[in-house]
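Here's structure-v1.csv, which has CSV, C-alpha atoms and all ligand atoms:
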chain,number,residue,atom,x,y,z
P,1,MET,CA,121.8,121.3,69.2
P,2,LYS,CA,124.9,122.1,67.0
P,3,GLY,CA,125.5,119.3,64.5
P,4,ASN,CA,125.2,116.1,66.5
P,5,THR,CA,126.2,117.7,69.8
P,6,MET,CA,123.6,118.5,72.4
P,7,ASN,CA,124.1,121.4,74.9
P,8,PHE,CA,123.3,120.5,78.5
P,9,ALA,CA,123.3,122.6,81.7
P,10,LEU,CA,123.4,121.4,85.2
P,11,ILE,CA,121.7,123.3,88.1
P,12,GLY,CA,122.9,122.5,91.6
P,13,TYR,CA,126.5,121.6,92.3
P,14,GLY,CA,126.4,120.6,96.0
P,15,TYR,CA,126.9,117.0,97.1
P,16,TRP,CA,125.2,115.1,94.2
P,17,GLY,CA,125.7,117.5,91.3
P,18,PRO,CA,129.4,116.8,90.7
P,19,ASN,CA,128.5,113.1,90.2
P,20,LEU,CA,126.1,114.0,87.5
P,21,ALA,CA,128.6,116.4,85.9
P,22,ARG,CA,131.3,113.6,85.8
P,23,ASN,CA,128.9,111.3,84.0
P,24,ILE,CA,127.6,114.0,81.6
P,25,LYS,CA,131.2,114.7,80.6
P,26,SER,CA,131.8,111.0,79.9
P,27,ILE,CA,129.1,110.8,77.2
P,28,PRO,CA,130.3,111.8,73.7
P,29,GLY,CA,127.7,113.9,72.0
P,30,ILE,CA,127.0,116.1,75.0
P,31,ASN,CA,128.5,119.5,75.6
P,32,LEU,CA,128.1,120.6,79.3
P,33,LYS,CA,127.7,124.4,78.5
P,34,TYR,CA,126.9,125.6,82.0
P,35,ILE,CA,127.0,124.6,85.6
P,36,CYS,CA,124.8,126.7,87.9
P,37,ASP,CA,124.7,127.1,91.6
P,38,VAL,CA,123.4,130.0,93.7
P,39,ASP,CA,126.5,129.6,95.9
P,40,PRO,CA,129.4,131.2,94.0
P,41,ASP,CA,131.9,129.2,96.0
P,42,ARG,CA,130.7,126.0,94.3
P,43,GLY,CA,132.1,127.4,91.0
P,44,LYS,CA,135.7,127.8,92.1
P,45,ASN,CA,137.3,124.8,90.5
P,46,ILE,CA,134.9,124.3,87.5
P,47,ASN,CA,137.2,126.0,85.0
P,48,PHE,CA,140.1,123.7,86.0
P,49,ARG,CA,138.0,120.5,86.2
P,50,TYR,CA,135.8,121.2,83.1
P,51,PRO,CA,137.5,123.7,80.8
P,52,GLY,CA,134.9,125.2,78.4
P,53,THR,CA,132.1,124.8,80.9
P,54,GLY,CA,130.8,128.2,82.2
P,55,PHE,CA,129.6,128.8,85.7
P,56,VAL,CA,126.5,130.9,86.5
P,57,CYS,CA,124.7,131.7,89.8
P,58,ASP,CA,121.4,132.6,88.2
P,59,CYS,CA,119.5,129.9,86.3
P,60,GLU,CA,117.7,132.5,84.2
P,61,ALA,CA,120.8,132.6,82.0
P,62,ILE,CA,120.2,128.9,81.2
P,63,ALA,CA,116.4,129.3,80.7
P,64,ASN,CA,117.0,132.2,78.2
P,65,ASP,CA,119.8,130.5,76.3
P,66,LYS,CA,118.2,129.1,73.1
P,67,GLU,CA,121.3,126.9,72.5
P,68,ILE,CA,120.6,124.8,75.7
P,69,ASP,CA,118.7,121.6,74.8
P,70,ALA,CA,118.4,120.0,78.2
P,71,VAL,CA,118.8,120.7,81.8
P,72,LEU,CA,119.7,118.5,84.8
P,73,ILE,CA,118.5,119.7,88.2
P,74,ALA,CA,120.2,118.6,91.4
P,75,THR,CA,119.0,121.1,94.0
P,76,PRO,CA,117.1,120.7,97.3
P,77,VAL,CA,113.7,119.0,97.0
P,78,LYS,CA,111.6,122.0,97.6
P,79,THR,CA,113.2,123.9,94.7
P,80,HIS,CA,112.4,121.2,92.1
P,81,TYR,CA,109.0,122.4,91.1
P,82,LEU,CA,109.8,126.0,90.2
P,83,LEU,CA,113.1,125.1,88.5
P,84,CYS,CA,111.5,122.3,86.4
P,85,LYS,CA,108.6,124.5,85.5
P,86,MET,CA,110.9,127.4,84.4
P,87,MET,CA,113.0,125.0,82.2
P,88,LEU,CA,109.9,123.2,80.7
P,89,ASP,CA,108.3,126.6,80.0
P,90,ASN,CA,111.5,127.6,78.1
P,91,GLY,CA,111.5,124.6,75.8
P,92,LYS,CA,114.1,122.4,77.6
P,93,ASP,CA,114.1,118.7,78.2
P,94,VAL,CA,114.4,118.2,81.9
P,95,PHE,CA,116.1,115.7,84.2
P,96,VAL,CA,115.4,116.3,87.9
P,97,GLU,CA,116.8,114.5,90.9
P,98,LYS,CA,114.4,112.4,93.0
P,99,PRO,CA,111.8,113.1,94.2
P,100,LEU,CA,110.1,114.9,91.2
P,101,ALA,CA,108.4,117.4,93.5
P,102,TYR,CA,107.3,118.0,97.1
P,103,SER,CA,103.6,117.5,96.4
P,104,THR,CA,101.3,115.4,94.2
P,105,ASP,CA,99.7,118.6,92.8
P,106,HIS,CA,103.1,120.0,91.7
P,107,ALA,CA,104.3,116.7,90.3
P,108,GLN,CA,101.1,116.3,88.3
P,109,GLU,CA,101.4,119.8,87.0
P,110,LEU,CA,105.0,119.1,85.8
P,111,VAL,CA,104.0,115.8,84.1
P,112,ASN,CA,101.1,117.6,82.3
P,113,LEU,CA,103.4,120.5,81.2
P,114,ALA,CA,106.0,118.1,79.9
P,115,GLU,CA,103.4,116.2,77.9
P,116,LYS,CA,101.7,119.4,76.6
P,117,ASN,CA,105.1,120.8,75.5
P,118,GLU,CA,106.3,117.4,74.2
P,119,LYS,CA,109.4,117.5,76.4
P,120,ILE,CA,111.2,114.8,78.1
P,121,LEU,CA,110.7,114.8,81.9
P,122,MET,CA,113.0,112.3,83.6
P,123,ILE,CA,113.5,111.7,87.4
P,124,GLY,CA,116.8,110.6,89.0
P,125,HIS,CA,115.6,107.3,90.4
P,126,THR,CA,119.1,105.9,90.0
P,127,PHE,CA,118.4,102.4,91.3
P,128,LEU,CA,116.3,101.7,88.2
P,129,TYR,CA,119.6,101.8,86.3
P,130,SER,CA,121.4,99.5,88.7
P,131,PRO,CA,122.5,96.2,87.0
P,132,SER,CA,121.5,94.4,90.3
P,133,VAL,CA,118.0,95.8,90.3
P,134,ASN,CA,117.6,94.9,86.6
P,135,GLU,CA,118.9,91.4,87.3
P,136,ILE,CA,116.3,91.0,90.1
P,137,LYS,CA,113.6,92.2,87.7
P,138,LYS,CA,114.6,89.5,85.2
P,139,ILE,CA,114.5,86.9,88.0
P,140,ILE,CA,111.1,87.9,89.2
P,141,ASN,CA,109.7,88.0,85.7
P,142,SER,CA,111.1,84.5,84.9
P,143,GLY,CA,108.9,83.1,87.8
P,144,GLU,CA,112.0,81.6,89.5
P,145,LEU,CA,110.9,82.9,92.9
P,146,GLY,CA,107.3,81.7,92.4
P,147,GLU,CA,104.5,83.9,93.7
P,148,ILE,CA,105.9,86.9,95.5
P,149,TYR,CA,104.7,86.8,99.2
P,150,PHE,CA,106.5,89.8,100.7
P,151,ILE,CA,109.4,92.2,100.5
P,152,SER,CA,111.4,93.7,103.4
P,153,SER,CA,113.8,96.5,102.9
P,154,SER,CA,116.2,98.5,105.1
P,155,ARG,CA,117.9,101.7,104.0
P,156,VAL,CA,119.5,103.1,107.1
P,157,ASN,CA,122.7,104.9,108.1
P,158,LEU,CA,124.0,107.6,110.4
P,159,GLY,CA,123.2,110.8,108.5
P,160,LYS,CA,123.0,112.7,106.3
P,161,HIS,CA,120.2,114.8,107.8
P,162,GLN,CA,118.5,117.0,105.3
P,163,LYS,CA,117.4,120.5,106.4
P,164,ASP,CA,114.3,120.9,104.3
P,165,VAL,CA,112.6,117.5,104.0
P,166,SER,CA,112.0,114.4,106.1
P,167,VAL,CA,113.8,111.0,105.7
P,168,LEU,CA,110.7,110.0,103.7
P,169,TRP,CA,111.3,112.4,100.8
P,170,ASP,CA,115.1,111.8,100.9
P,171,LEU,CA,115.4,108.0,101.1
P,172,ALA,CA,112.1,106.3,100.4
P,173,PRO,CA,112.1,107.3,96.6
P,174,HIS,CA,114.9,104.7,96.1
P,175,ASP,CA,113.0,101.7,97.5
P,176,LEU,CA,109.6,102.8,96.2
P,177,SER,CA,110.9,103.2,92.7
P,178,MET,CA,112.4,99.7,92.9
P,179,PHE,CA,109.2,98.2,94.2
P,180,HIS,CA,107.2,99.9,91.4
P,181,TYR,CA,109.7,98.6,88.8
P,182,TRP,CA,109.7,95.1,90.1
P,183,LEU,CA,106.0,94.6,90.9
P,184,GLU,CA,104.8,96.8,88.0
P,185,SER,CA,102.0,98.2,90.2
P,186,ASN,CA,101.1,100.7,92.8
P,187,PRO,CA,100.2,99.9,96.4
P,188,HIS,CA,96.6,99.9,97.5
P,189,TRP,CA,97.4,101.5,100.8
P,190,VAL,CA,100.3,102.7,103.0
P,191,SER,CA,100.8,103.2,106.7
P,192,CYS,CA,103.8,104.8,108.3
P,193,ASN,CA,105.2,105.3,111.8
P,194,GLY,CA,108.2,107.5,112.5
P,195,ASN,CA,109.6,110.2,114.6
P,196,ASN,CA,112.0,113.2,114.7
P,197,TYR,CA,114.7,112.7,117.2
P,198,ILE,CA,117.4,115.2,116.2
P,199,ILE,CA,115.8,118.1,114.3
P,200,LYS,CA,112.4,119.3,115.4
P,201,ASP,CA,109.6,118.5,112.9
P,202,ILE,CA,111.9,116.7,110.4
P,203,PRO,CA,111.4,112.9,110.9
P,204,ASP,CA,114.7,111.1,110.7
P,205,VAL,CA,113.3,107.5,111.1
P,206,ALA,CA,110.3,105.9,109.5
P,207,PHE,CA,108.8,102.5,109.2
P,208,MET,CA,106.5,102.1,106.2
P,209,HIS,CA,104.1,99.3,105.4
P,210,LEU,CA,102.6,98.9,101.9
P,211,ASN,CA,100.1,96.6,100.5
P,212,TYR,CA,100.5,95.8,96.7
P,213,PRO,CA,98.1,93.9,94.4
P,214,GLY,CA,98.3,90.2,94.9
P,215,ASP,CA,98.3,90.9,98.7
P,216,ILE,CA,102.1,91.4,98.6
P,217,CYS,CA,103.2,92.9,102.0
P,218,VAL,CA,106.0,95.3,101.8
P,219,ASN,CA,107.9,96.6,104.8
P,220,LEU,CA,110.4,99.5,104.4
P,221,GLU,CA,112.7,100.9,107.2
P,222,ILE,CA,114.5,104.2,106.5
P,223,ALA,CA,116.6,106.2,108.9
P,224,TRP,CA,119.4,108.8,109.2
P,225,LEU,CA,119.9,107.5,112.7
P,226,ALA,CA,121.4,104.0,112.8
P,227,PRO,CA,124.5,102.3,114.1
P,228,SER,CA,125.6,101.0,110.7
P,229,LYS,CA,124.8,101.3,107.1
P,230,LEU,CA,122.3,98.8,105.7
P,231,ARG,CA,121.1,98.6,102.1
P,232,ARG,CA,119.3,95.3,102.1
P,233,VAL,CA,116.2,94.0,100.4
P,234,ALA,CA,114.8,90.5,101.0
P,235,ILE,CA,112.2,89.1,98.6
P,236,VAL,CA,110.3,86.0,99.7
P,237,GLY,CA,108.5,84.0,97.1
P,238,SER,CA,106.6,80.7,97.1
P,239,GLN,CA,109.5,78.9,95.4
P,240,LYS,CA,112.7,80.7,96.3
P,241,MET,CA,113.9,83.7,98.3
P,242,LEU,CA,116.3,86.5,97.2
P,243,VAL,CA,118.5,88.9,99.1
P,244,TYR,CA,119.9,92.0,97.5
P,245,ASN,CA,122.7,93.5,99.6
P,246,ASP,CA,124.0,96.6,98.0
P,247,MET,CA,126.8,96.9,100.5
P,248,GLU,CA,128.5,93.8,99.1
P,249,THR,CA,131.1,94.5,96.5
P,250,LEU,CA,130.7,91.1,94.9
P,251,GLU,CA,127.6,88.8,95.1
P,252,LYS,CA,125.1,91.7,95.7
P,253,VAL,CA,122.3,89.4,94.7
P,254,LYS,CA,121.8,85.9,96.2
P,255,ILE,CA,119.0,83.4,95.4
P,256,PHE,CA,118.2,81.0,98.2
P,257,ASP,CA,116.5,77.7,97.2
P,258,LYS,CA,114.5,77.8,100.5
P,259,GLY,CA,110.9,77.5,101.2
P,260,VAL,CA,108.1,75.6,102.9
P,261,ASP,CA,105.8,73.0,101.4
P,262,TYR,CA,102.4,72.7,102.9
P,263,LYS,CA,100.1,69.8,102.5
P,264,ASP,CA,96.3,70.0,103.3
P,265,PRO,CA,95.4,67.9,106.3
P,266,GLU,CA,93.8,64.6,105.6
P,267,SER,CA,92.2,64.7,109.0
P,268,PHE,CA,91.5,67.6,111.4
P,269,GLY,CA,94.8,69.3,112.7
P,270,GLU,CA,97.1,67.0,110.8
P,271,TYR,CA,98.6,69.5,108.3
P,272,GLN,CA,102.2,68.7,107.2
P,273,LEU,CA,104.9,71.2,106.6
P,274,SER,CA,108.2,70.4,105.0
P,275,TYR,CA,111.0,73.0,105.0
P,276,ARG,CA,113.3,73.1,102.0
P,277,SER,CA,116.9,74.3,102.2
P,278,GLY,CA,118.9,73.9,99.0
P,279,ASN,CA,121.6,75.7,97.1
P,280,ILE,CA,122.5,79.4,97.2
P,281,PHE,CA,123.2,81.0,93.8
P,282,SER,CA,124.7,84.4,93.0
P,283,PRO,CA,124.3,85.6,89.4
P,284,TYR,CA,127.0,87.5,87.6
P,285,ILE,CA,126.2,91.2,87.7
P,286,SER,CA,127.9,93.8,85.5
P,287,SER,CA,129.8,96.6,87.4
P,288,GLN,CA,128.6,99.4,85.2
P,289,GLU,CA,127.9,102.6,87.1
P,290,PRO,CA,124.1,103.2,87.4
P,291,LEU,CA,124.5,106.9,87.2
P,292,TYR,CA,126.2,106.7,83.8
P,293,LEU,CA,123.4,104.4,82.5
P,294,GLU,CA,120.9,106.9,83.9
P,295,VAL,CA,122.4,109.9,82.2
P,296,LEU,CA,122.8,107.9,79.0
P,297,ASP,CA,119.0,107.0,79.1
P,298,PHE,CA,118.3,110.8,79.4
P,299,TYR,CA,120.5,111.5,76.4
P,300,ASN,CA,119.0,108.7,74.3
P,301,SER,CA,115.5,109.7,75.2
P,302,ILE,CA,116.2,113.2,73.9
P,303,LYS,CA,117.8,111.9,70.8
P,304,ASN,CA,115.1,109.4,69.9
P,305,ARG,CA,112.2,111.3,71.5
P,306,THR,CA,111.3,108.2,73.6
P,307,GLN,CA,110.3,107.9,77.2
P,308,PRO,CA,113.1,107.1,79.7
P,309,VAL,CA,112.7,104.2,82.1
P,310,SER,CA,112.5,106.7,85.0
P,311,ASN,CA,109.8,108.9,83.4
P,312,GLY,CA,107.6,111.6,84.8
P,313,ARG,CA,104.6,109.3,85.4
P,314,LEU,CA,106.7,106.9,87.4
P,315,GLY,CA,108.1,109.9,89.4
P,316,LEU,CA,104.5,111.1,90.0
P,317,ASN,CA,103.5,107.7,91.4
P,318,ILE,CA,106.4,107.8,93.9
P,319,VAL,CA,105.5,111.3,95.1
P,320,LYS,CA,101.8,110.2,95.6
P,321,ILE,CA,103.0,107.3,97.9
P,322,ILE,CA,105.3,109.5,99.9
P,323,GLU,CA,102.7,112.2,100.4
P,324,LYS,CA,100.2,109.5,101.7
P,325,ALA,CA,102.9,108.0,103.9
P,326,GLU,CA,103.6,111.4,105.4
P,327,GLN,CA,99.9,111.8,106.0
P,328,SER,CA,99.9,108.5,107.8
P,329,LEU,CA,102.9,109.3,109.9
P,330,ASN,CA,101.2,112.5,111.0
P,331,ASN,CA,98.1,110.5,112.0
P,332,LYS,CA,99.8,107.8,114.2
P,333,GLY,CA,100.3,105.3,111.4
P,334,GLU,CA,96.7,105.2,110.1
P,335,GLN,CA,96.2,103.2,106.8
P,336,VAL,CA,95.9,105.7,103.9
P,337,LYS,CA,94.4,104.5,100.7
P,338,LEU,CA,96.1,105.3,97.3
P,339,VAL,CA,93.4,105.9,94.7
O,401,LIG,N1,120.0,109.8,93.0
O,401,LIG,C1,120.7,109.7,94.2
O,401,LIG,O1,121.2,108.7,94.6
O,401,LIG,C2,120.9,111.0,95.0
O,401,LIG,C3,121.8,111.0,96.0
O,401,LIG,C4,121.9,112.2,96.7
O,401,LIG,C5,121.1,113.3,96.5
O,401,LIG,N2,120.2,113.2,95.5
O,401,LIG,C6,119.2,114.3,95.2
O,401,LIG,O2,120.0,115.4,94.7
O,401,LIG,C7,119.3,116.6,95.0
O,401,LIG,C8,120.4,117.5,95.7
O,401,LIG,O3,120.9,116.9,96.9
O,401,LIG,P1,122.3,117.3,97.5
O,401,LIG,O4,122.5,116.3,98.6
O,401,LIG,O5,123.3,117.4,96.4
O,401,LIG,O6,122.0,118.7,98.1
O,401,LIG,P2,123.1,119.8,98.5
O,401,LIG,O7,122.4,120.7,99.4
O,401,LIG,O8,124.4,119.2,98.9
O,401,LIG,O9,123.3,120.6,97.1
O,401,LIG,C9,122.3,121.3,96.5
O,401,LIG,C10,123.0,122.5,95.7
O,401,LIG,O10,122.0,123.2,95.0
O,401,LIG,C11,122.3,124.6,95.1
O,401,LIG,N3,121.0,125.4,94.9
O,401,LIG,C12,119.9,125.5,95.7
O,401,LIG,N4,119.0,126.2,95.1
O,401,LIG,C13,119.4,126.5,93.9
O,401,LIG,C14,118.9,127.3,92.8
O,401,LIG,N5,117.6,127.8,92.9
O,401,LIG,N6,119.6,127.4,91.7
O,401,LIG,C15,120.9,126.9,91.6
O,401,LIG,N7,121.5,126.2,92.7
O,401,LIG,C16,120.7,126.0,93.8
O,401,LIG,C17,122.8,124.8,96.6
O,401,LIG,O11,123.6,126.0,96.7
O,401,LIG,C18,123.7,123.5,96.7
O,401,LIG,O12,125.0,123.7,96.3
O,401,LIG,C19,118.2,116.2,95.9
O,401,LIG,O13,117.0,116.2,95.1
O,401,LIG,C20,118.5,114.8,96.4
O,401,LIG,O14,117.4,114.1,96.7
O,401,LIG,C21,120.1,112.1,94.7

Once more with this new file: its structure as structure tokens, please.
Ligand SMILES: NC(=O)c1ccc[n+]([C@@H]2O[C@H](COP(=O)([O-])OP(=O)(O)OC[C@H]3O[C@@H](n4cnc5c(N)ncnc54)[C@H](O)[C@@H]3O)[C@@H](O)[C@H]2O)c1
Amino acid sequence: MKGNTMNFALIGYGYWGPNLARNIKSIPGINLKYICDVDPDRGKNINFRYPGTGFVCDCEAIANDKEIDAVLIATPVKTHYLLCKMMLDNGKDVFVEKPLAYSTDHAQELVNLAEKNEKILMIGHTFLYSPSVNEIKKIINSGELGEIYFISSSRVNLGKHQKDVSVLWDLAPHDLSMFHYWLESNPHWVSCNGNNYIIKDIPDVAFMHLNYPGDICVNLEIAWLAPSKLRRVAIVGSQKMLVYNDMETLEKVKIFDKGVDYKDPESFGEYQLSYRSGNIFSPYISSQEPLYLEVLDFYNSIKNRTQPVSNGRLGLNIVKIIEKAEQSLNNKGEQVKLV
């Protein structure tokens, strides 16, 4: 760090890296010293777009540069472990894109290493910084929905097929991190069905079922093979129901005053149900960019030496669930316990 300015480096400048670079550059107090990508073509316009930011193809230059305080990693999933380890070993605070690693063992090792070296380890679970997701957390915590019964989520679209990992590792981290954040717990078990229709051995569609404490049923559908893009979560509670549709530009979150009241039967078989259908309310939600808030949390965590919202332990929990879901998928949807 020079004066009050921190030196950052970004590794991986493919599809997602440029979005991180744009947000890093918009935070005063950060100097983006390097962008690194193994593909030299990715560096072509960097000088023009970000004058003063250097481009390197080998990340060792970053690891060995004592001036670099922190590194953001946006490379393919299977490269996360070695890159994170290299940067933590060289005294850097690390932000790595979701998921933290491709196995629980590797994720656990990285969490331990960060804790031992007293370094920040943050995971790019971007939805935890979405104003909609935070509004939903407030609504759940206020008790307005009542007891949560179940959650059903769809995250499907046509593409983009990843070459190295299944749809589970690519898309499920988004929803699983939201469930963890809202329910503040881990599931007891997971079961998962799915298949690979386009690329051999890389499942492109999966249907996950999870059981959370309180007997909350969660259903998650994820796919790279779908007729239209869906980003929709429904949360059904004993008092009200909520729909979060991230495809809406306005009114992403709607609360439905709907439910069923059940009265115990006075005599055998005479139970009574009354269905309620009242107002629909959509709260005001700020339009701040989640990715900006995410990078800002990384910066503030480094400055104040505090844990970010999307910290290493949360990232480890998500990896554990995905690993068990993949085990279930490979065993015809058997229920797999999460210890
Ligand atoms: N948070 C989000 O919403 C979000 C969205 C998309 C992708 N992602 C995550 O971002 C990461 C990257 O995804 P992508 O879609 O940008 O992939 P991509 O393949 O488009 O880009 C990855 C880049 O990393 C480079 N690279 C690979 N190995 C490298 C190494 N060892 N050193 C330096 N550069 C290296 C590649 O050349 C490529 O340019 C993944 O972890 C993915 O899950 C997150």

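The coordinates place atom CA of Leu10 of chain P at 13.9 Å from atom CA of Gly52 of chain P.
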
Nearest to Gly54 of chain P by atom-to-atom distance, counting only C-alpha atoms, from P:Leu250, P:Ile35, P:Val71, P:Met6: P:Ile35

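Distance check against ligand LIG 401 (chain O) using all atoms listed in the file: of P:Phe8, P:Trp182, P:Tyr292, P:Tyr244, the minimum falls on P:Tyr292.
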
Using only C-alpha atoms, find each residue in segment 196-304 of chain P having at least one atom no more than 7 Å away from segment 144-160 of chain P; report its shortest atom-to-atom pair and that distance in Å (one decimal), rows by chain then rising number, as a tab-separated table.
residue	atom	partner	partner_atom	distance
P:Ile216	CA	P:Phe150	CA	5.1
P:Cys217	CA	P:Phe150	CA	4.7
P:Val218	CA	P:Ile151	CA	4.8
P:Asn219	CA	P:Ser152	CA	4.8
P:Leu220	CA	P:Ser153	CA	4.8
P:Glu221	CA	P:Ser154	CA	4.7
P:Ile222	CA	P:Arg155	CA	4.9
P:Ala223	CA	P:Val156	CA	4.6
P:Trp224	CA	P:Gly159	CA	4.4
P:Leu225	CA	P:Leu158	CA	4.7
P:Ala226	CA	P:Asn157	CA	5.0
P:Pro227	CA	P:Leu158	CA	6.5
P:Ser228	CA	P:Asn157	CA	5.5
P:Lys229	CA	P:Asn157	CA	4.3
P:Leu230	CA	P:Val156	CA	5.3
P:Arg231	CA	P:Arg155	CA	4.8
P:Arg232	CA	P:Ser154	CA	5.4
P:Val233	CA	P:Ser153	CA	4.3
P:Ala234	CA	P:Ser152	CA	5.2
P:Ile235	CA	P:Ile151	CA	4.6
P:Val236	CA	P:Phe150	CA	5.5
P:Gly237	CA	P:Ile148	CA	4.2
P:Ser238	CA	P:Gly146	CA	4.9
P:Gln239	CA	P:Gly146	CA	4.7
P:Lys240	CA	P:Leu145	CA	4.4
P:Met241	CA	P:Leu145	CA	6.2

Mind dumping the selected residues with C-alpha atoms as an mmCIF file, in the coordinates of the input?
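Saved file again.cif follows:
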data_model
loop_
_atom_site.group_PDB
_atom_site.id
_atom_site.type_symbol
_atom_site.label_atom_id
_atom_site.label_comp_id
_atom_site.auth_asym_id
_atom_site.auth_seq_id
_atom_site.Cartn_x
_atom_site.Cartn_y
_atom_site.Cartn_z
ATOM 1 C CA ILE P 216 102.100 91.400 98.600
ATOM 2 C CA CYS P 217 103.200 92.900 102.000
ATOM 3 C CA VAL P 218 106.000 95.300 101.800
ATOM 4 C CA ASN P 219 107.900 96.600 104.800
ATOM 5 C CA LEU P 220 110.400 99.500 104.400
ATOM 6 C CA GLU P 221 112.700 100.900 107.200
ATOM 7 C CA ILE P 222 114.500 104.200 106.500
ATOM 8 C CA ALA P 223 116.600 106.200 108.900
ATOM 9 C CA TRP P 224 119.400 108.800 109.200
ATOM 10 C CA LEU P 225 119.900 107.500 112.700
ATOM 11 C CA ALA P 226 121.400 104.000 112.800
ATOM 12 C CA PRO P 227 124.500 102.300 114.100
ATOM 13 C CA SER P 228 125.600 101.000 110.700
ATOM 14 C CA LYS P 229 124.800 101.300 107.100
ATOM 15 C CA LEU P 230 122.300 98.800 105.700
ATOM 16 C CA ARG P 231 121.100 98.600 102.100
ATOM 17 C CA ARG P 232 119.300 95.300 102.100
ATOM 18 C CA VAL P 233 116.200 94.000 100.400
ATOM 19 C CA ALA P 234 114.800 90.500 101.000
ATOM 20 C CA ILE P 235 112.200 89.100 98.600
ATOM 21 C CA VAL P 236 110.300 86.000 99.700
ATOM 22 C CA GLY P 237 108.500 84.000 97.100
ATOM 23 C CA SER P 238 106.600 80.700 97.100
ATOM 24 C CA GLN P 239 109.500 78.900 95.400
ATOM 25 C CA LYS P 240 112.700 80.700 96.300
ATOM 26 C CA MET P 241 113.900 83.700 98.300
#

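A straight line drawn from atom CA of Ile27 of chain P to atom CA of Asn4 of chain P is 12.6 Å long.
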
Near-Tyr262 of chain P list (9 Å; only C-alpha atoms; drop same-chain fewer than 3 positions) as a ChimeraX atom specification: /P:271-275

Residues contacting ligand LIG 401 (chain O) - anything with an atom at most 8 Å away, using all atoms listed in the file - can you give me those as a PDB file with C-alpha atoms, in the coordinates of the input?
ATOM      1  CA  ILE P  11     121.700 123.300  88.100  1.00  0.00           C
ATOM      2  CA  GLY P  12     122.900 122.500  91.600  1.00  0.00           C
ATOM      3  CA  TYR P  13     126.500 121.600  92.300  1.00  0.00           C
ATOM      4  CA  GLY P  14     126.400 120.600  96.000  1.00  0.00           C
ATOM      5  CA  TYR P  15     126.900 117.000  97.100  1.00  0.00           C
ATOM      6  CA  TRP P  16     125.200 115.100  94.200  1.00  0.00           C
ATOM      7  CA  GLY P  17     125.700 117.500  91.300  1.00  0.00           C
ATOM      8  CA  CYS P  36     124.800 126.700  87.900  1.00  0.00           C
ATOM      9  CA  ASP P  37     124.700 127.100  91.600  1.00  0.00           C
ATOM     10  CA  VAL P  38     123.400 130.000  93.700  1.00  0.00           C
ATOM     11  CA  ASP P  39     126.500 129.600  95.900  1.00  0.00           C
ATOM     12  CA  ARG P  42     130.700 126.000  94.300  1.00  0.00           C
ATOM     13  CA  CYS P  57     124.700 131.700  89.800  1.00  0.00           C
ATOM     14  CA  ASP P  58     121.400 132.600  88.200  1.00  0.00           C
ATOM     15  CA  CYS P  59     119.500 129.900  86.300  1.00  0.00           C
ATOM     16  CA  ILE P  73     118.500 119.700  88.200  1.00  0.00           C
ATOM     17  CA  ALA P  74     120.200 118.600  91.400  1.00  0.00           C
ATOM     18  CA  THR P  75     119.000 121.100  94.000  1.00  0.00           C
ATOM     19  CA  PRO P  76     117.100 120.700  97.300  1.00  0.00           C
ATOM     20  CA  VAL P  77     113.700 119.000  97.000  1.00  0.00           C
ATOM     21  CA  THR P  79     113.200 123.900  94.700  1.00  0.00           C
ATOM     22  CA  HIS P  80     112.400 121.200  92.100  1.00  0.00           C
ATOM     23  CA  LEU P  83     113.100 125.100  88.500  1.00  0.00           C
ATOM     24  CA  VAL P  96     115.400 116.300  87.900  1.00  0.00           C
ATOM     25  CA  GLU P  97     116.800 114.500  90.900  1.00  0.00           C
ATOM     26  CA  LYS P  98     114.400 112.400  93.000  1.00  0.00           C
ATOM     27  CA  PRO P  99     111.800 113.100  94.200  1.00  0.00           C
ATOM     28  CA  GLY P 124     116.800 110.600  89.000  1.00  0.00           C
ATOM     29  CA  HIS P 125     115.600 107.300  90.400  1.00  0.00           C
ATOM     30  CA  THR P 126     119.100 105.900  90.000  1.00  0.00           C
ATOM     31  CA  PHE P 127     118.400 102.400  91.300  1.00  0.00           C
ATOM     32  CA  GLN P 162     118.500 117.000 105.300  1.00  0.00           C
ATOM     33  CA  TRP P 169     111.300 112.400 100.800  1.00  0.00           C
ATOM     34  CA  ASP P 170     115.100 111.800 100.900  1.00  0.00           C
ATOM     35  CA  LEU P 171     115.400 108.000 101.100  1.00  0.00           C
ATOM     36  CA  HIS P 174     114.900 104.700  96.100  1.00  0.00           C
ATOM     37  CA  LEU P 291     124.500 106.900  87.200  1.00  0.00           C
TER      38      LEU P 291
END

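Atom CA of Leu110 of chain P is found 18.7 Å from atom CA of Ile62 of chain P.
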
Do you know which residues are at most 7 Å from Ser286 of chain P counting only C-alpha atoms, after dropping those on the same chain fewer than 2 positions away, and could you put them as a PDB file with C-alpha atoms, keeping the file's coordinate frame?
ATOM      1  CA  PRO P 131     122.500  96.200  87.000  1.00  0.00           C
ATOM      2  CA  TYR P 284     127.000  87.500  87.600  1.00  0.00           C
ATOM      3  CA  GLN P 288     128.600  99.400  85.200  1.00  0.00           C
TER       4      GLN P 288
END

Which residues come within 7 Å of segment 300-302 of chain P, counting only C-alpha atoms, excluding same-chain residues fewer than 5 positions away, as a PDB file with C-alpha atoms, keeping the file's coordinate frame?
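Here's the written file around05.pdb:
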ATOM      1  CA  ILE P 120     111.200 114.800  78.100  1.00  0.00           C
ATOM      2  CA  GLN P 307     110.300 107.900  77.200  1.00  0.00           C
ATOM      3  CA  PRO P 308     113.100 107.100  79.700  1.00  0.00           C
TER       4      PRO P 308
END

Pick from P:Ser328, P:Ser26, P:Asn47, P:Asn19, whichever lies nearest to Asn193 of chain P using only C-alpha atoms: P:Ser328
